[in-house]
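*Asks:* My file is final_17.cif. It has mmCIF, C-alpha atoms and all ligand atoms:
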data_entry
loop_
_atom_site.label_atom_id
_atom_site.label_comp_id
_atom_site.auth_asym_id
_atom_site.auth_seq_id
_atom_site.Cartn_x
_atom_site.Cartn_y
_atom_site.Cartn_z
CA MET A 22 93.25 85.72 87.53
CA ALA A 23 93.51 86.76 91.20
CA GLN A 24 92.22 90.18 92.25
CA ILE A 25 95.11 92.31 93.48
CA PRO A 26 94.16 94.19 96.67
CA GLN A 27 94.29 97.96 96.41
CA LEU A 28 95.38 100.47 99.02
CA ARG A 29 93.54 103.80 99.25
CA LEU A 30 95.95 106.73 99.12
CA SER A 31 95.28 109.90 101.13
CA ASP A 32 94.05 111.67 97.97
CA GLY A 33 91.47 108.92 97.36
CA GLN A 34 93.25 107.16 94.49
CA GLN A 35 93.73 103.37 94.80
CA ILE A 36 97.10 101.69 94.24
CA PRO A 37 97.51 97.93 93.64
CA GLN A 38 99.48 96.44 96.54
CA ILE A 39 101.78 94.49 94.23
CA GLY A 40 103.44 96.27 91.33
CA PHE A 41 106.11 95.22 88.87
CA GLY A 42 109.60 96.73 89.34
CA THR A 43 111.46 97.59 86.16
CA TRP A 44 114.91 98.76 87.27
CA ALA A 45 117.80 97.05 85.39
CA LEU A 46 115.53 95.52 82.76
CA LYS A 47 117.13 96.64 79.52
CA GLY A 48 116.14 96.55 75.84
CA GLU A 49 114.12 93.56 74.67
CA VAL A 50 114.30 92.04 78.18
CA ALA A 51 112.26 94.99 79.48
CA THR A 52 109.61 94.60 76.75
CA GLN A 53 109.36 90.85 77.33
CA ALA A 54 109.27 91.06 81.12
CA VAL A 55 106.58 93.76 81.15
CA THR A 56 104.56 91.85 78.52
CA ARG A 57 104.72 88.77 80.74
CA ALA A 58 103.82 90.80 83.84
CA LEU A 59 100.73 92.25 82.14
CA GLU A 60 99.71 88.78 80.86
CA VAL A 61 99.77 87.23 84.34
CA GLY A 62 97.82 90.10 85.89
CA TYR A 63 100.09 92.91 87.09
CA ARG A 64 98.46 96.28 86.50
CA HIS A 65 100.89 98.49 88.44
CA LEU A 66 104.29 99.24 86.87
CA ASP A 67 107.09 101.02 88.73
CA MET A 68 109.29 102.99 86.34
CA ALA A 69 111.80 105.86 86.29
CA THR A 70 113.64 108.03 83.81
CA LEU A 71 116.84 106.70 85.40
CA TYR A 72 116.05 103.12 84.35
CA ASP A 73 116.40 104.10 80.68
CA ASN A 74 113.80 101.62 79.44
CA GLU A 75 110.57 103.59 79.04
CA VAL A 76 110.56 103.23 75.23
CA GLU A 77 110.80 99.45 75.62
CA ILE A 78 108.07 99.42 78.28
CA GLY A 79 105.95 101.61 76.00
CA ARG A 80 106.18 98.87 73.34
CA ALA A 81 104.79 96.32 75.80
CA LEU A 82 101.96 98.70 76.75
CA ALA A 83 101.10 99.39 73.10
CA ALA A 84 100.94 95.68 72.31
CA SER A 85 98.69 94.88 75.27
CA ALA A 86 94.93 95.29 74.99
CA ILE A 87 94.60 96.51 78.57
CA PRO A 88 92.55 99.71 78.83
CA ARG A 89 94.57 102.64 80.20
CA ASP A 90 92.21 103.11 83.13
CA GLU A 91 93.00 99.59 84.39
CA LEU A 92 96.71 100.39 84.64
CA PHE A 93 98.55 102.14 87.47
CA LEU A 94 101.72 103.73 86.07
CA THR A 95 104.35 105.23 88.37
CA GLY A 96 107.22 107.38 87.09
CA LYS A 97 110.07 109.22 88.80
CA VAL A 98 111.88 112.44 88.08
CA PHE A 99 115.66 111.98 88.35
CA HIS A 100 117.80 114.18 90.62
CA ASP A 101 119.52 115.97 87.73
CA ASP A 102 116.10 117.00 86.36
CA MET A 103 114.73 118.66 89.49
CA ALA A 104 114.75 122.24 88.17
CA PRO A 105 111.11 122.97 87.16
CA ASP A 106 111.78 123.27 83.38
CA ALA A 107 113.92 120.14 83.35
CA ALA A 108 111.28 118.26 85.36
CA ARG A 109 108.62 119.23 82.80
CA ARG A 110 110.80 118.05 79.91
CA ALA A 111 111.52 114.79 81.76
CA LEU A 112 107.82 114.13 82.37
CA GLU A 113 106.93 114.96 78.75
CA THR A 114 109.61 112.52 77.55
CA THR A 115 108.32 109.80 79.87
CA LEU A 116 104.73 110.28 78.65
CA ALA A 117 105.83 110.23 74.99
CA ASP A 118 108.07 107.17 75.47
CA LEU A 119 105.34 105.24 77.28
CA GLY A 120 102.68 106.42 74.79
CA VAL A 121 100.28 107.68 77.48
CA ASP A 122 98.80 111.08 78.30
CA HIS A 123 99.16 110.91 82.07
CA LEU A 124 100.82 108.95 84.89
CA ASP A 125 98.92 107.69 87.92
CA LEU A 126 101.76 108.57 90.28
CA TYR A 127 104.87 110.72 89.82
CA LEU A 128 107.66 110.70 92.41
CA ILE A 129 110.79 112.70 93.14
CA HIS A 130 113.34 109.87 92.84
CA SER A 131 115.52 111.12 95.69
CA PRO A 132 115.97 114.40 97.57
CA SER A 133 119.69 114.23 96.65
CA VAL A 134 120.48 116.98 99.15
CA LYS A 135 124.25 116.55 98.99
CA ARG A 136 124.36 117.32 95.27
CA HIS A 137 121.33 119.53 94.84
CA GLY A 138 120.61 121.27 98.15
CA ASP A 139 116.94 122.18 98.51
CA ALA A 140 116.12 121.69 94.79
CA TYR A 141 113.70 118.97 95.86
CA ILE A 142 111.43 121.60 97.41
CA TRP A 143 111.14 123.49 94.10
CA CYS A 144 110.72 120.21 92.28
CA TRP A 145 107.80 119.37 94.57
CA GLU A 146 106.12 122.61 93.55
CA ALA A 147 106.62 121.64 89.88
CA LEU A 148 104.97 118.27 90.59
CA GLN A 149 102.01 120.10 92.14
CA ARG A 150 101.64 122.09 88.90
CA PHE A 151 101.80 118.89 86.78
CA GLN A 152 99.06 117.46 88.97
CA ALA A 153 96.89 120.56 88.55
CA GLU A 154 97.34 120.23 84.76
CA GLY A 155 96.20 116.58 84.82
CA LEU A 156 99.55 115.20 83.62
CA VAL A 157 99.84 113.12 86.80
CA THR A 158 97.03 111.99 89.09
CA SER A 159 98.93 111.61 92.37
CA ILE A 160 102.31 112.89 93.49
CA GLY A 161 104.80 111.51 95.96
CA VAL A 162 108.43 111.06 96.90
CA SER A 163 111.09 108.39 97.19
CA ASN A 164 114.06 108.00 99.51
CA PHE A 165 112.78 110.88 101.69
CA THR A 166 113.32 111.04 105.46
CA ASP A 167 110.64 112.48 107.70
CA ASP A 168 112.64 115.75 107.82
CA HIS A 169 112.67 116.04 104.01
CA ILE A 170 108.90 115.64 104.02
CA ALA A 171 108.51 118.23 106.77
CA ALA A 172 110.41 120.68 104.52
CA LEU A 173 107.73 120.49 101.80
CA ARG A 174 105.91 123.49 103.28
CA GLY A 175 102.99 121.52 104.71
CA ALA A 176 102.13 119.69 101.50
CA THR A 177 101.81 115.95 101.90
CA PRO A 178 103.02 113.41 99.36
CA VAL A 179 100.66 110.43 99.12
CA VAL A 180 103.53 107.93 98.86
CA ASN A 181 107.10 107.56 100.06
CA GLN A 182 108.88 104.80 98.14
CA ILE A 183 111.74 103.50 100.28
CA GLU A 184 114.04 100.50 100.53
CA LEU A 185 112.18 98.00 102.68
CA HIS A 186 112.50 94.23 103.11
CA PRO A 187 112.71 91.86 106.08
CA THR A 188 116.38 92.52 106.95
CA PHE A 189 115.87 96.27 106.42
CA SER A 190 112.32 96.96 107.47
CA GLN A 191 112.69 100.55 108.73
CA PRO A 192 110.10 100.46 111.56
CA ARG A 193 110.82 104.04 112.64
CA LEU A 194 110.37 105.60 109.20
CA ARG A 195 107.27 103.46 108.64
CA ALA A 196 105.75 104.77 111.89
CA GLN A 197 106.58 108.36 110.86
CA MET A 198 104.89 107.81 107.48
CA ARG A 199 101.85 106.24 109.17
CA ALA A 200 101.54 109.31 111.39
CA ARG A 201 101.53 111.51 108.27
CA LYS A 202 99.06 109.17 106.44
CA ILE A 203 101.66 108.59 103.72
CA ALA A 204 101.55 105.14 102.10
CA VAL A 205 104.85 103.28 102.01
CA VAL A 206 105.95 101.55 98.81
CA SER A 207 108.69 98.98 99.48
CA TYR A 208 111.46 98.96 96.91
CA SER A 209 113.90 96.07 96.67
CA PRO A 210 111.13 94.17 98.52
CA LEU A 211 113.02 90.87 98.24
CA GLY A 212 116.26 92.49 99.41
CA GLN A 213 117.45 91.96 95.81
CA ALA A 214 116.96 88.23 96.49
CA ASP A 215 119.33 88.20 99.48
CA ASP A 216 116.51 87.89 102.03
CA LEU A 217 115.21 84.78 100.28
CA THR A 218 118.02 82.60 101.61
CA ASN A 219 117.45 83.66 105.22
CA GLN A 220 116.69 80.67 107.42
CA VAL A 221 113.57 82.21 108.99
CA VAL A 222 112.06 82.86 105.55
CA GLN A 223 113.05 79.43 104.28
CA GLU A 224 111.47 77.65 107.24
CA ILE A 225 108.20 79.57 106.92
CA ALA A 226 108.18 78.88 103.17
CA GLU A 227 108.60 75.18 103.80
CA ALA A 228 105.90 75.11 106.48
CA SER A 229 103.39 76.94 104.29
CA GLY A 230 104.17 75.17 101.02
CA ARG A 231 105.05 78.47 99.31
CA THR A 232 108.31 79.90 97.94
CA PRO A 233 110.54 82.26 99.98
CA ALA A 234 109.63 85.15 97.62
CA GLN A 235 105.92 84.53 98.14
CA VAL A 236 106.39 84.53 101.92
CA VAL A 237 108.31 87.82 101.84
CA LEU A 238 105.80 89.50 99.52
CA ARG A 239 102.91 88.25 101.68
CA TRP A 240 104.66 89.83 104.70
CA HIS A 241 104.71 93.21 102.87
CA VAL A 242 101.02 92.96 101.92
CA GLN A 243 99.86 91.92 105.40
CA HIS A 244 101.74 94.91 106.84
CA GLY A 245 99.74 97.27 104.59
CA LEU A 246 102.74 98.01 102.39
CA VAL A 247 102.87 98.18 98.59
CA ALA A 248 105.65 95.99 97.10
CA ILE A 249 107.18 96.23 93.64
CA PRO A 250 109.25 93.07 93.01
CA ARG A 251 111.29 92.81 89.81
CA SER A 252 112.10 89.68 87.85
CA SER A 253 113.15 88.94 84.29
CA HIS A 254 112.19 85.32 84.74
CA PRO A 255 108.72 84.37 83.34
CA GLN A 256 107.93 81.81 86.04
CA ARG A 257 109.04 84.09 88.90
CA ILE A 258 107.08 87.03 87.51
CA ALA A 259 103.93 84.88 87.90
CA GLU A 260 105.02 83.40 91.24
CA ASN A 261 105.47 86.85 92.78
CA LEU A 262 101.86 87.77 92.06
CA ASP A 263 100.42 84.45 93.20
CA ILE A 264 100.20 85.36 96.88
CA PHE A 265 96.54 86.10 97.48
CA ASP A 266 95.34 82.63 98.47
CA PHE A 267 97.28 82.14 101.71
CA GLU A 268 97.99 84.05 104.90
CA LEU A 269 100.91 84.24 107.29
CA SER A 270 100.03 83.79 110.96
CA ARG A 271 100.66 86.55 113.48
CA GLU A 272 103.56 84.46 114.81
CA GLN A 273 105.11 84.07 111.34
CA LEU A 274 104.82 87.82 110.75
CA GLY A 275 106.58 88.42 114.07
CA LEU A 276 109.41 86.03 113.19
CA ILE A 277 109.98 87.91 109.92
CA ASP A 278 109.74 91.27 111.74
CA SER A 279 112.57 90.13 114.00
CA MET A 280 114.93 89.79 110.99
CA ASP A 281 115.26 93.61 110.85
CA GLU A 282 118.81 94.95 111.01
CA SER A 283 118.06 98.52 109.92
CA GLU A 284 118.14 100.01 113.39
CA ARG A 285 120.95 97.98 114.92
CA SER A 286 124.07 99.95 115.69
N1 LIG B 301 113.11 104.48 94.30
C1 LIG B 301 114.31 103.94 94.27
O1 LIG B 301 115.34 104.58 94.54
C2 LIG B 301 114.45 102.49 93.92
C3 LIG B 301 115.66 101.82 94.18
C4 LIG B 301 115.74 100.46 93.86
C5 LIG B 301 114.64 99.80 93.29
N2 LIG B 301 113.49 100.49 93.02
C6 LIG B 301 112.32 99.81 92.38
O2 LIG B 301 112.03 98.61 93.10
C7 LIG B 301 112.03 97.51 92.20
C8 LIG B 301 112.41 96.23 92.89
O3 LIG B 301 113.66 96.34 93.55
P1 LIG B 301 114.98 95.61 93.01
O4 LIG B 301 114.85 95.44 91.56
O5 LIG B 301 116.12 96.39 93.55
O6 LIG B 301 115.03 94.21 93.77
P2 LIG B 301 114.02 93.06 94.24
O7 LIG B 301 112.73 93.13 93.52
O8 LIG B 301 114.03 93.04 95.73
O9 LIG B 301 114.82 91.77 93.77
C9 LIG B 301 115.08 91.51 92.41
C10 LIG B 301 116.01 90.29 92.35
O10 LIG B 301 115.33 89.16 92.91
C11 LIG B 301 115.29 88.11 91.95
N3 LIG B 301 113.96 87.48 92.07
C12 LIG B 301 112.76 88.06 91.78
N4 LIG B 301 111.75 87.21 92.05
C13 LIG B 301 112.32 86.07 92.53
C14 LIG B 301 111.78 84.82 92.97
N5 LIG B 301 110.47 84.60 92.97
N6 LIG B 301 112.66 83.88 93.40
C15 LIG B 301 114.00 84.11 93.40
N7 LIG B 301 114.56 85.27 92.99
C16 LIG B 301 113.73 86.24 92.55
C17 LIG B 301 115.50 88.74 90.60
O11 LIG B 301 116.18 87.88 89.73
P3 LIG B 301 115.51 87.32 88.34
O12 LIG B 301 115.31 88.51 87.47
O13 LIG B 301 116.52 86.36 87.82
O14 LIG B 301 114.22 86.65 88.73
C18 LIG B 301 116.41 89.92 90.95
O15 LIG B 301 117.76 89.50 91.00
C19 LIG B 301 113.03 97.97 91.11
O16 LIG B 301 112.98 97.15 89.97
C20 LIG B 301 112.58 99.40 90.93
O17 LIG B 301 111.38 99.44 90.17
C21 LIG B 301 113.36 101.81 93.33
#
Using the file provided, produce a representation of the structure as structure tokens.
Ligand SMILES: NC(=O)c1ccc[n+]([C@@H]2O[C@H](COP(=O)([O-])OP(=O)(O)OC[C@H]3O[C@@H](n4cnc5c(N)ncnc54)[C@H](OP(=O)(O)O)[C@@H]3O)[C@@H](O)[C@H]2O)c1

*Replies:*
Amino acid sequence: MAQIPQLRLSDGQQIPQIGFGTWALKGEVATQAVTRALEVGYRHLDMATLYDNEVEIGRALAASAIPRDELFLTGKVFHDDMAPDAARRALETTLADLGVDHLDLYLIHSPSVKRHGDAYIWCWEALQRFQAEGLVTSIGVSNFTDDHIAALRGATPVVNQIELHPTFSQPRLRAQMRARKIAVVSYSPLGQADDLTNQVVQEIAEASGRTPAQVVLRWHVQHGLVAIPRSSHPQRIAENLDIFDFELSREQLGLIDSMDESERS
């Protein structure tokens, strides 16, 4: 089984550069997909209260013989749970549903400023308390702009999980996160499969004898990003992790970089 490269977060913890996304995997499909992911070597699972499948993922974890300290489990507190008491109840439910006593990374799912004003700032302070209590090892954010991060009273999240894929590669936000030493986790790393039919990706896939998904995930890894692809398909779950025995050239990376449409007016 291939070794998955790890990225060192600013608090010293290591995060596997490929994780398994679990959004939209429901019921038995979630249990089966996570079981398959663990069998083929994923050790990092991306989860959230919002995805409503932590009980089913917990079943897959319980059935696997993988020691807890070999897993990297990420959870997210949903916008409606950002008040400190609600956040604590949400985290306790997640831990109970997954059958674990701590998470490796806990994120604020979204600042949700329009609906909740500056609740995300108080929620961040709750996350800091959970960390001090050992319920979560590292804490971070998701869907935050640089301004939202600046509002966290000088505290630095170790991760910002944002939408990021070749046609939406967010170079400006990535540069801002780099300047703050915040690791970027790419969600929807395949562009929800839309980027896989792009001609640039298809041509590079053909030239390198790999699949379009493998080329896109390799692009994330070579850019120092963490990617969390999701699939419910056993063969694709394995394919998406099988990317550590080839490299894209500098020219191929540049061609994929030029697919970005995130900053076009
Ligand atoms: N923080 C946030 O707000 C946020 C938002 C969105 C997502 N996320 C996280 O990011 C994860 C991934 O993002 P995502 O689920 O939106 O999309 P994604 O991983 O970019 O794409 C998933 C889609 O690609 C297909 N696919 C996967 N591997 C493939 C392959 N090798 N070849 C062809 N098609 C393939 C899947 O279909 P099959 O199942 O049929 O293979 C599915 O339709 C989520 O599951 C979730 O954990 C976080």

*Asks:* Between A:Ser283, A:Gln256, A:Ser209, A:Gln149, which is the closest to ligand LIG 301 (chain B) once you count only C-alpha atoms and all ligand atoms?

*Replies:* A:Ser209

*Asks:* Extract, using all atoms listed in the file, all DNA, RNA and protein residues at most 9 Å from region 66-73 of chain A, discarding same-chain residues fewer than 4 positions from it, and format them as a CSV table (one decimal) with C-alpha atoms, keeping the file's coordinate frame.

*Replies:*
chain,number,residue,atom,x,y,z
A,40,GLY,CA,103.4,96.3,91.3
A,41,PHE,CA,106.1,95.2,88.9
A,42,GLY,CA,109.6,96.7,89.3
A,43,THR,CA,111.5,97.6,86.2
A,44,TRP,CA,114.9,98.8,87.3
A,45,ALA,CA,117.8,97.0,85.4
A,46,LEU,CA,115.5,95.5,82.8
A,47,LYS,CA,117.1,96.6,79.5
A,48,GLY,CA,116.1,96.6,75.8
A,55,VAL,CA,106.6,93.8,81.2
A,58,ALA,CA,103.8,90.8,83.8
A,77,GLU,CA,110.8,99.4,75.6
A,78,ILE,CA,108.1,99.4,78.3
A,92,LEU,CA,96.7,100.4,84.6
A,93,PHE,CA,98.6,102.1,87.5
A,94,LEU,CA,101.7,103.7,86.1
A,95,THR,CA,104.4,105.2,88.4
A,96,GLY,CA,107.2,107.4,87.1
A,97,LYS,CA,110.1,109.2,88.8
A,98,VAL,CA,111.9,112.4,88.1
A,99,PHE,CA,115.7,112.0,88.4
A,111,ALA,CA,111.5,114.8,81.8
A,112,LEU,CA,107.8,114.1,82.4
A,114,THR,CA,109.6,112.5,77.6
A,115,THR,CA,108.3,109.8,79.9
A,128,LEU,CA,107.7,110.7,92.4
A,130,HIS,CA,113.3,109.9,92.8
A,249,ILE,CA,107.2,96.2,93.6

*Asks:* Identify the residues within 9 Å of coordinate (99.9, 95.8, 100.5) (same frame as the file), considering only C-alpha atoms, and give the answer as an MDAnalysis selection string.

*Replies:* chainID A and resid 26:28 37:39 206 238:248

*Asks:* If you count only C-alpha atoms, which residues fall within 10 Å of Arg109 (chain A), apart from same-chain ones fewer than 2 positions away, as a PyMOL selection string?

*Replies:* chain A and resi 98+102-107+111-115+144+147-148+150-151+156

*Asks:* Taking only C-alpha atoms and all ligand atoms into account, name the residue in A:Ala117, A:Ala51, A:Ile277, A:Val61 that is nearest to ligand LIG 301 (chain B).

*Replies:* A:Ala51

*Asks:* Just give me the gap between atom O15 of ligand LIG 301 (chain B) and CA of Ser252 (chain A) in Å, one decimal is fine.

*Replies:*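 Value for the atom O15 of ligand LIG 301 (chain B)-CA of Ser252 (chain A) distance: 6.5 Å.
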
*Asks:* Which one is closest to Ala153 (chain A): A:Asp168, A:Ala214, A:His123, A:Ser190? Count all atoms listed in the file.

*Replies:*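 When distances to Ala153 (chain A) are compared using all atoms listed in the file, the smallest one comes from A:His123.
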
*Asks:* Which value, in Å to one decimal, gives the distance between CA of Ile129 (chain A) and CA of Phe165 (chain A)?

*Replies:*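 Value for the CA of Ile129 (chain A)-CA of Phe165 (chain A) distance: 9.0 Å.
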
*Asks:* Any idea what the distance is between CA of Tyr208 (chain A) and CA of His186 (chain A)?

*Replies:*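 CA of Tyr208 (chain A) sits 7.9 Å away from CA of His186 (chain A).
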
*Asks:* Could you pull the residues within 9 Å of Thr56 (chain A), counting all atoms listed in the file, minus those fewer than 6 positions along the same chain, as a list of chain:residue names?

*Replies:*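 Neighbouring residues, sequence-local ones excluded: A:Ile78, A:Arg80, A:Ala81, A:Leu82, A:Ala84, A:Ser85.
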
*Asks:* Counting all atoms listed in the file, which residue out of A:Asp281, A:Thr177, A:Thr218, A:Tyr127 sits closest to Arg193 (chain A)?

*Replies:*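 Checking each candidate against Arg193 (chain A), we get A:Asp281 as the closest.
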
*Asks:* Just checking: using all atoms listed in the file, which residue out of A:Gln34, A:Ser229, A:Ser133, A:Gln213 ends up closest to ligand LIG 301 (chain B)?

*Replies:*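 Comparing A:Gln34, A:Ser229, A:Ser133, A:Gln213 against ligand LIG 301 (chain B), the winner is A:Gln213.
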
*Asks:* Would you fill the gaps in region 200-233 of chain A so it has N, CA and C atoms, then print it as a short mmCIF file (atom, residue, chain, number, x, y, z; two decimals), in the coordinates of the input?

*Replies:*
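Wrote it out as out_35.cif, contents follow:
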data_model
loop_
_atom_site.label_atom_id
_atom_site.label_comp_id
_atom_site.auth_asym_id
_atom_site.auth_seq_id
_atom_site.Cartn_x
_atom_site.Cartn_y
_atom_site.Cartn_z
N ALA A 200 102.04 108.13 110.68
CA ALA A 200 101.54 109.31 111.39
C ALA A 200 101.16 110.42 110.41
N ARG A 201 101.83 110.47 109.28
CA ARG A 201 101.53 111.51 108.27
C ARG A 201 100.50 111.03 107.24
N LYS A 202 100.00 109.79 107.39
CA LYS A 202 99.06 109.17 106.44
C LYS A 202 99.67 109.06 105.03
N ILE A 203 100.96 108.78 105.00
CA ILE A 203 101.66 108.59 103.72
C ILE A 203 101.85 107.08 103.52
N ALA A 204 101.38 106.57 102.37
CA ALA A 204 101.55 105.14 102.10
C ALA A 204 103.01 104.84 101.80
N VAL A 205 103.46 103.67 102.25
CA VAL A 205 104.85 103.28 102.01
C VAL A 205 104.87 102.23 100.90
N VAL A 206 105.69 102.51 99.88
CA VAL A 206 105.95 101.55 98.81
C VAL A 206 107.34 100.97 99.07
N SER A 207 107.41 99.65 99.17
CA SER A 207 108.69 98.98 99.48
C SER A 207 109.45 98.71 98.19
N TYR A 208 110.61 99.36 98.06
CA TYR A 208 111.46 98.96 96.91
C TYR A 208 112.51 97.97 97.37
N SER A 209 113.07 97.25 96.38
CA SER A 209 113.90 96.07 96.67
C SER A 209 113.20 95.20 97.72
N PRO A 210 111.92 94.85 97.48
CA PRO A 210 111.13 94.17 98.52
C PRO A 210 111.65 92.78 98.86
N LEU A 211 112.45 92.19 97.96
CA LEU A 211 113.02 90.87 98.24
C LEU A 211 114.45 91.01 98.77
N GLY A 212 114.86 92.26 99.03
CA GLY A 212 116.26 92.49 99.41
C GLY A 212 117.18 92.10 98.26
N GLN A 213 116.72 92.35 97.03
CA GLN A 213 117.45 91.96 95.81
C GLN A 213 117.83 90.48 95.88
N ALA A 214 116.88 89.71 96.38
CA ALA A 214 116.96 88.23 96.49
C ALA A 214 117.77 87.76 97.70
N ASP A 215 118.51 88.64 98.35
CA ASP A 215 119.33 88.20 99.48
C ASP A 215 118.50 87.68 100.65
N ASP A 216 117.32 88.31 100.88
CA ASP A 216 116.51 87.89 102.03
C ASP A 216 115.87 86.51 101.83
N LEU A 217 115.91 86.04 100.58
CA LEU A 217 115.21 84.78 100.28
C LEU A 217 115.96 83.56 100.81
N THR A 218 117.24 83.74 101.10
CA THR A 218 118.02 82.60 101.61
C THR A 218 118.10 82.61 103.13
N ASN A 219 117.46 83.59 103.75
CA ASN A 219 117.45 83.66 105.22
C ASN A 219 116.72 82.44 105.79
N GLN A 220 117.26 81.91 106.86
CA GLN A 220 116.69 80.67 107.42
C GLN A 220 115.24 80.83 107.89
N VAL A 221 114.94 81.97 108.50
CA VAL A 221 113.57 82.21 108.99
C VAL A 221 112.59 82.13 107.82
N VAL A 222 112.93 82.83 106.74
CA VAL A 222 112.06 82.86 105.55
C VAL A 222 111.94 81.46 104.96
N GLN A 223 113.06 80.77 104.88
CA GLN A 223 113.05 79.43 104.28
C GLN A 223 112.19 78.46 105.08
N GLU A 224 112.26 78.57 106.40
CA GLU A 224 111.47 77.65 107.24
C GLU A 224 109.98 77.94 107.10
N ILE A 225 109.62 79.23 107.06
CA ILE A 225 108.20 79.57 106.92
C ILE A 225 107.70 79.13 105.53
N ALA A 226 108.56 79.30 104.53
CA ALA A 226 108.18 78.88 103.17
C ALA A 226 107.90 77.38 103.15
N GLU A 227 108.77 76.63 103.79
CA GLU A 227 108.60 75.18 103.80
C GLU A 227 107.31 74.80 104.53
N ALA A 228 107.08 75.44 105.68
CA ALA A 228 105.90 75.11 106.48
C ALA A 228 104.61 75.49 105.76
N SER A 229 104.64 76.52 104.93
CA SER A 229 103.39 76.94 104.29
C SER A 229 103.27 76.46 102.84
N GLY A 230 104.26 75.71 102.39
CA GLY A 230 104.17 75.17 101.02
C GLY A 230 104.24 76.25 99.96
N ARG A 231 104.90 77.39 100.27
CA ARG A 231 105.05 78.47 99.31
C ARG A 231 106.55 78.73 99.10
N THR A 232 106.89 79.61 98.16
CA THR A 232 108.31 79.90 97.94
C THR A 232 108.75 81.03 98.89
N PRO A 233 110.06 81.16 99.13
CA PRO A 233 110.54 82.26 99.98
C PRO A 233 110.07 83.63 99.46
#
